[in-house]
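What follows is the content of run_31.txt (compact mmCIF, C-alpha atoms).
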```txt
# COMPACT_ATOMS: atom_id res chain seq x y z
CA MET A 1 -18.05 15.35 60.04
CA THR A 2 -15.75 18.17 61.10
CA ASN A 3 -12.76 19.23 59.02
CA ALA A 4 -10.32 18.15 61.76
CA LEU A 5 -11.87 14.68 61.73
CA ARG A 6 -11.71 14.46 57.93
CA LEU A 7 -8.06 15.51 57.95
CA SER A 8 -7.23 13.07 60.72
CA ALA A 9 -9.00 10.22 58.87
CA ALA A 10 -7.11 11.01 55.65
CA GLY A 11 -3.82 11.05 57.59
CA SER A 12 -4.71 7.70 59.21
CA LEU A 13 -5.41 6.08 55.83
CA LEU A 14 -2.11 7.39 54.47
CA GLY A 15 -0.36 6.17 57.65
CA ALA A 16 -1.94 2.72 57.23
CA ALA A 17 -0.64 2.49 53.65
CA VAL A 18 2.90 3.49 54.68
CA ALA A 19 2.76 1.07 57.64
CA ALA A 20 1.69 -1.77 55.29
CA TRP A 21 4.73 -1.02 53.11
CA ALA A 22 7.01 -0.94 56.17
CA ILE A 23 5.65 -4.22 57.59
CA PHE A 24 5.48 -6.28 54.41
CA VAL A 25 8.22 -4.75 52.22
CA HIS A 26 10.76 -2.78 54.26
CA ALA A 27 11.06 -5.09 57.31
CA PRO A 28 13.25 -8.16 56.74
CA ALA A 29 11.84 -11.63 57.43
CA ASP A 30 12.78 -13.10 60.79
CA THR A 31 15.20 -16.00 60.32
CA LEU A 32 13.87 -18.00 63.29
CA GLN A 33 10.13 -17.41 63.18
CA GLY A 34 9.58 -16.70 59.47
CA PRO A 35 6.77 -14.48 58.10
CA VAL A 36 4.49 -14.81 61.14
CA GLN A 37 6.92 -12.59 63.14
CA ARG A 38 5.52 -9.61 61.16
CA ILE A 39 2.49 -9.81 63.47
CA PHE A 40 4.78 -8.14 66.05
CA TYR A 41 4.42 -4.66 64.47
CA LEU A 42 0.66 -4.28 64.90
CA HIS A 43 0.48 -6.49 68.02
CA VAL A 44 2.84 -4.25 70.05
CA SER A 45 1.62 -0.94 68.55
CA ALA A 46 -1.98 -1.86 69.46
CA ALA A 47 -0.88 -2.55 73.06
CA ILE A 48 0.85 0.86 73.33
CA ALA A 49 -2.21 2.59 71.83
CA ALA A 50 -4.47 0.78 74.34
CA TYR A 51 -2.28 1.82 77.30
CA LEU A 52 -2.39 5.45 76.12
CA CYS A 53 -6.20 5.32 75.78
CA PHE A 54 -6.49 3.91 79.30
CA GLY A 55 -4.11 6.64 80.48
CA VAL A 56 -6.51 9.22 79.01
CA VAL A 57 -9.43 7.49 80.77
CA PHE A 58 -7.46 7.58 84.04
CA ILE A 59 -6.58 11.30 83.83
CA CYS A 60 -10.10 12.25 82.71
CA SER A 61 -11.66 10.12 85.47
CA LEU A 62 -9.49 11.89 88.06
CA ALA A 63 -10.50 15.26 86.58
CA TYR A 64 -14.16 14.28 86.75
CA LEU A 65 -13.92 13.10 90.36
CA ALA A 66 -11.94 16.20 91.40
CA TRP A 67 -13.77 18.96 89.53
CA GLY A 68 -16.88 17.31 88.04
CA SER A 69 -15.64 18.25 84.56
CA LEU A 70 -18.21 17.09 81.98
CA ALA A 71 -15.71 17.60 79.14
CA ALA A 72 -13.27 15.21 80.88
CA ASP A 73 -16.07 12.68 81.35
CA ARG A 74 -16.94 12.91 77.64
CA LEU A 75 -13.29 12.34 76.65
CA ALA A 76 -13.08 9.31 79.00
CA ARG A 77 -16.25 7.93 77.38
CA ALA A 78 -14.61 8.34 73.96
CA ALA A 79 -11.20 6.84 74.85
CA ALA A 80 -12.41 3.73 76.76
CA PRO A 81 -14.03 1.81 73.86
CA VAL A 82 -11.08 2.60 71.57
CA GLY A 83 -8.68 1.29 74.24
CA LEU A 84 -10.81 -1.83 74.54
CA LEU A 85 -10.73 -2.28 70.76
CA MET A 86 -6.92 -1.99 70.71
CA THR A 87 -6.64 -4.49 73.60
CA SER A 88 -8.80 -6.92 71.62
CA VAL A 89 -6.55 -6.49 68.57
CA ASN A 90 -3.46 -7.03 70.75
CA LEU A 91 -4.90 -10.14 72.43
CA LEU A 92 -6.22 -11.84 69.31
CA MET A 93 -3.10 -11.16 67.25
CA GLY A 94 -0.95 -12.45 70.13
CA ILE A 95 -2.94 -15.69 70.31
CA ILE A 96 -2.66 -16.18 66.53
CA TRP A 97 1.11 -15.47 66.62
CA ALA A 98 1.74 -17.82 69.56
CA LYS A 99 -0.06 -20.76 67.98
CA PRO A 100 2.49 -21.69 65.26
CA ILE A 101 5.56 -20.55 67.26
CA TRP A 102 4.97 -22.24 70.64
CA GLN A 103 2.01 -24.49 69.75
CA TRP A 104 0.42 -22.44 72.50
CA ASP A 105 -2.99 -23.25 73.90
CA PRO A 106 -4.12 -20.56 76.41
CA SER A 107 -6.34 -23.07 78.21
CA GLN A 108 -3.37 -25.36 78.94
CA THR A 109 -0.34 -23.12 79.61
CA TRP A 110 -0.59 -20.17 82.00
CA ASP A 111 1.00 -16.95 80.81
CA ALA A 112 1.31 -13.82 82.97
CA ARG A 113 1.13 -11.28 80.12
CA PHE A 114 -1.89 -12.99 78.58
CA THR A 115 -3.73 -13.24 81.91
CA SER A 116 -3.05 -9.62 82.91
CA THR A 117 -4.13 -8.41 79.45
CA VAL A 118 -7.36 -10.43 79.66
CA MET A 119 -7.93 -8.80 83.07
CA LEU A 120 -7.33 -5.37 81.51
CA TRP A 121 -9.85 -6.19 78.80
CA ALA A 122 -12.41 -7.36 81.39
CA ILE A 123 -11.92 -4.21 83.54
CA TYR A 124 -12.60 -1.83 80.65
CA ALA A 125 -15.46 -4.00 79.35
CA GLY A 126 -16.83 -3.57 82.90
CA TYR A 127 -16.27 0.19 82.60
CA LEU A 128 -18.44 0.26 79.47
CA LEU A 129 -21.09 -1.91 81.16
CA VAL A 130 -21.23 0.54 84.09
CA ARG A 131 -21.70 3.35 81.55
CA ARG A 132 -24.52 1.45 79.89
CA PHE A 133 -26.44 0.03 82.84
CA ALA A 134 -25.96 2.43 85.78
CA THR A 135 -28.64 5.07 86.30
CA PRO A 136 -27.82 7.67 83.61
CA GLY A 137 -26.37 11.04 84.59
CA ARG A 138 -23.94 11.99 87.34
CA GLN A 139 -24.16 8.64 89.13
CA ALA A 140 -23.09 6.58 86.09
CA ALA A 141 -20.27 9.04 85.41
CA ARG A 142 -19.06 8.82 89.02
CA PHE A 143 -19.16 4.99 89.13
CA ALA A 144 -17.37 4.80 85.78
CA ALA A 145 -14.73 7.32 86.91
CA VAL A 146 -13.96 5.14 89.95
CA VAL A 147 -13.59 2.07 87.69
CA GLY A 148 -11.46 4.17 85.30
CA CYS A 149 -9.08 5.16 88.13
CA PHE A 150 -8.69 1.73 89.74
CA GLY A 151 -8.71 -0.10 86.41
CA PHE A 152 -5.60 1.76 85.33
CA LEU A 153 -3.64 -0.05 88.06
CA ASP A 154 -3.65 -3.09 85.79
CA VAL A 155 -1.72 -1.25 83.04
CA PRO A 156 1.69 -1.26 84.88
CA ILE A 157 0.96 -4.81 86.10
CA THR A 158 0.45 -5.88 82.48
CA TYR A 159 3.56 -4.04 81.31
CA PHE A 160 5.87 -5.42 84.02
CA SER A 161 4.30 -8.91 84.01
CA VAL A 162 7.02 -10.24 81.67
CA SER A 163 9.75 -9.39 84.17
CA TRP A 164 7.81 -10.16 87.38
CA TRP A 165 6.70 -13.63 86.22
CA ARG A 166 8.95 -15.41 83.76
CA THR A 167 6.33 -17.32 81.73
CA LEU A 168 5.89 -18.00 78.02
CA HIS A 169 5.65 -14.43 76.69
CA PRO A 170 9.03 -13.03 75.52
CA GLY A 171 10.71 -10.34 77.66
CA TYR A 172 11.18 -6.69 76.68
CA VAL A 173 12.24 -6.22 73.06
CA LEU A 174 12.18 -2.43 72.81
CA HIS A 175 13.35 -1.72 76.36
CA ALA A 176 15.84 -4.59 76.51
CA ALA A 177 19.02 -4.00 78.49
CA GLY A 178 21.61 -2.49 76.11
CA GLY A 179 19.05 -0.99 73.69
CA PRO A 180 16.27 -2.38 71.45
CA ALA A 181 16.84 -6.03 70.52
CA LEU A 182 15.87 -5.47 66.88
CA PRO A 183 17.83 -4.82 63.66
CA PRO A 184 17.52 -1.21 62.34
CA GLU A 185 15.05 -2.04 59.52
CA MET A 186 12.73 -3.81 61.96
CA LEU A 187 13.00 -0.91 64.39
CA GLN A 188 12.20 1.61 61.62
CA SER A 189 9.20 -0.49 60.52
CA PHE A 190 7.99 -0.66 64.08
CA ALA A 191 8.34 3.14 64.52
CA ILE A 192 6.36 3.76 61.31
CA THR A 193 3.62 1.31 62.36
CA LEU A 194 3.44 2.83 65.84
CA VAL A 195 2.97 6.36 64.43
CA ALA A 196 0.27 5.09 62.03
CA VAL A 197 -1.55 3.19 64.81
CA LEU A 198 -1.40 6.17 67.18
CA LEU A 199 -2.77 8.43 64.45
CA GLY A 200 -5.57 5.95 63.74
CA THR A 201 -6.32 5.66 67.45
CA ALA A 202 -6.49 9.45 67.84
CA THR A 203 -8.88 9.59 64.86
CA LEU A 204 -11.14 6.94 66.39
CA VAL A 205 -11.16 8.78 69.75
CA LEU A 206 -11.98 12.05 67.94
CA ALA A 207 -14.83 10.39 66.02
CA ARG A 208 -16.20 8.75 69.16
CA HIS A 209 -15.93 12.08 71.00
CA ARG A 210 -17.98 13.74 68.27
CA VAL A 211 -20.62 10.97 68.49
CA GLU A 212 -20.82 11.46 72.27
CA ALA A 213 -21.15 15.26 71.89
CA LEU A 214 -23.91 14.90 69.27
CA GLN A 215 -25.78 12.38 71.41
CA GLU A 216 -25.62 14.79 74.37
CA SER A 217 -27.02 17.65 72.24
CA ARG A 218 -29.77 15.38 70.92
CA GLU A 219 -30.80 14.33 74.44
CA LEU A 220 -30.76 17.97 75.54
CA GLN A 221 -32.89 18.97 72.54
CA VAL A 222 -35.42 16.19 73.18
CA GLU A 223 -35.68 17.33 76.82
CA ARG A 224 -36.11 20.98 75.75
CA ASP A 225 -38.77 20.03 73.14
CA SER A 226 -40.79 18.02 75.67
CA LEU A 227 -40.66 20.93 78.15
CA THR A 228 -41.86 23.36 75.44
CA LEU A 229 -44.68 20.95 74.55
CA LYS A 230 -45.75 20.66 78.18
CA ALA A 231 -45.68 24.48 78.58
CA MET A 232 -47.90 24.83 75.49
CA GLU A 233 -50.35 22.23 76.84
CA VAL A 234 -50.63 24.09 80.17
CA ARG A 235 -51.37 27.34 78.32
CA VAL B 1 2.02 -17.24 56.08
CA ASN B 2 -1.52 -18.42 56.84
CA TYR B 3 -1.21 -17.32 60.47
CA LEU B 4 0.23 -13.97 59.33
CA ILE B 5 -2.74 -13.40 57.02
CA LEU B 6 -5.18 -14.52 59.70
CA GLY B 7 -3.54 -12.23 62.28
CA TYR B 8 -3.71 -9.13 60.10
CA ALA B 9 -7.22 -9.99 58.83
CA VAL B 10 -8.44 -10.11 62.44
CA GLY B 11 -6.50 -7.03 63.64
CA VAL B 12 -7.16 -4.74 60.68
CA GLY B 13 -10.70 -6.09 60.32
CA LEU B 14 -11.59 -5.19 63.90
CA ILE B 15 -10.20 -1.65 63.59
CA ALA B 16 -11.78 -1.04 60.17
CA GLY B 17 -15.10 -2.51 61.33
CA TYR B 18 -15.23 -0.24 64.36
CA ALA B 19 -14.27 2.78 62.22
CA LEU B 20 -17.10 2.00 59.77
CA VAL B 21 -19.65 1.63 62.59
CA LEU B 22 -18.51 4.98 64.04
CA VAL B 23 -18.73 6.77 60.68
CA ARG B 24 -22.25 5.43 60.06
CA ARG B 25 -23.38 6.47 63.55
CA LEU B 26 -21.80 9.90 63.15
CA ARG B 27 -23.49 10.49 59.79
CA ALA B 28 -26.86 9.31 61.15
CA LEU B 29 -26.59 11.62 64.17
CA GLU B 30 -25.48 14.59 62.05
CA ALA B 31 -28.37 14.01 59.64
CA GLU B 32 -30.83 13.75 62.55
CA MET B 33 -29.54 16.94 64.18
CA GLY B 34 -29.59 18.75 60.82
CA GLN B 35 -33.21 17.72 60.20
CA GLY B 36 -34.21 18.71 63.73
CA ALA B 37 -32.65 22.15 63.32
CA ALA B 38 -34.32 22.65 59.95
CA ARG B 39 -37.76 21.61 61.28
CA ARG B 40 -37.76 23.63 64.50
CA PRO B 41 -38.16 27.24 63.16
CA ASP B 42 -41.39 26.27 61.28
CA GLU B 43 -42.95 24.95 64.46
```
Any chance you could give the structure as structure tokens?
Amino acid sequence: MTNALRLSAAGSLLGAAVAAWAIFVHAPADTLQGPVQRIFYLHVSAAIAAYLCFGVVFICSLAYLAWGSLAADRLARAAAPVGLLMTSVNLLMGIIWAKPIWQWDPSQTWDARFTSTVMLWAIYAGYLLVRRFATPGRQAARFAAVVGCFGFLDVPITYFSVSWWRTLHPGYVLHAAGGPALPPEMLQSFAITLVAVLLGTATLVLARHRVEALQESRELQVERDSLTLKAMEVR
Amino acid sequence: VNYLILGYAVGVGLIAGYALVLVRRLRALEAEMGQGAARRPDE
């Protein structure tokens, strides 16, 4: 493990501890929803982290398609699974939060935010499947880059879904008209959690990037070794 | 409270689980590359 990765991991653990204090001690309990409202902090932070990861995939996919940059392709490969992980966290925590508050059953009541987020999840799961099952090399990278570019279109759709379709999911809380619709302690707790989640996400992307780089070197080494062996056999 | 605990168990569990899988894979790859590099000069 590199020193940057170790430092980033230590910072993430510290951030997680401070975020736990902010969520469970510093933030006041919601008078209407009770303790379950505290799910909000990680639920929303995970969504923002996922959008940023998909933004990285989008920019790197464009860079790969435009200039064939292998470094950009590697970064896209590292950011996509972490974005998918954060979308899963966001989705599952949202379902768990909605159950006691609205007695919500996703199979019975249609919700625009839920549907668009499930679509986002499916698009990036598809991105990873393309990576895994397309013919390895440039072709897989090109197919995945196309999915990475078009898939990003669902991010603004997901974000604006609460204002375009007025369904069950609450409207904007942080970007509400007239400023954030949260008391200061809740806003501070959210800011702390967001920083911690973004730090953790960056650490995961860094670690995944290192795994991808090591796998590339291993494949290259195996190829080089087999060529050397063949050359020796010919001699 | 039960839903709060369930929510955080699922959310934090997923992130921590993925982090652990990544660390194990990273260590295994680093060990493999280290062994490969150590073996190659003798050959």
Taking all atoms listed in the file into account, find every residue of chain A that has an atom no more than 7 Å from chain B, and write it out as a PDB file with C-alpha atoms, in the coordinates of the input.
```pdb
ATOM      1  CA  PRO A  35       6.770 -14.480  58.100  1.00  0.00           C
ATOM      2  CA  VAL A  36       4.490 -14.810  61.140  1.00  0.00           C
ATOM      3  CA  ILE A  39       2.490  -9.810  63.470  1.00  0.00           C
ATOM      4  CA  VAL A  89      -6.550  -6.490  68.570  1.00  0.00           C
ATOM      5  CA  MET A  93      -3.100 -11.160  67.250  1.00  0.00           C
ATOM      6  CA  ILE A  96      -2.660 -16.180  66.530  1.00  0.00           C
ATOM      7  CA  TRP A  97       1.110 -15.470  66.620  1.00  0.00           C
ATOM      8  CA  LEU A 204     -11.140   6.940  66.390  1.00  0.00           C
ATOM      9  CA  ALA A 207     -14.830  10.390  66.020  1.00  0.00           C
ATOM     10  CA  ARG A 208     -16.200   8.750  69.160  1.00  0.00           C
ATOM     11  CA  VAL A 211     -20.620  10.970  68.490  1.00  0.00           C
ATOM     12  CA  LEU A 214     -23.910  14.900  69.270  1.00  0.00           C
ATOM     13  CA  ARG A 218     -29.770  15.380  70.920  1.00  0.00           C
TER      14      ARG A 218
END
```
> Can you list, as an MDAnalysis selection string, every protein, DNA or RNA residue that comes within 6 Å of Phe58 in chain A when you count all atoms listed in the file, leaving out same-chain residues fewer than 3 positions away?
Replying inline: chainID A and resid 55 61 148:149
>> Here is a test: counting all atoms listed in the file, which residue of A:His169, A:Arg77, A:His26, A:Arg113 is nearest to Tyr127 in chain A?
In response: A:Arg77
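Interatomic distance, CA of Ser226 in chain A to CA of Asp73 in chain A: 25.9 Å.
Note that the spacing between CA of Ser189 in chain A and CA of Ile101 in chain A amounts to 21.5 Å.
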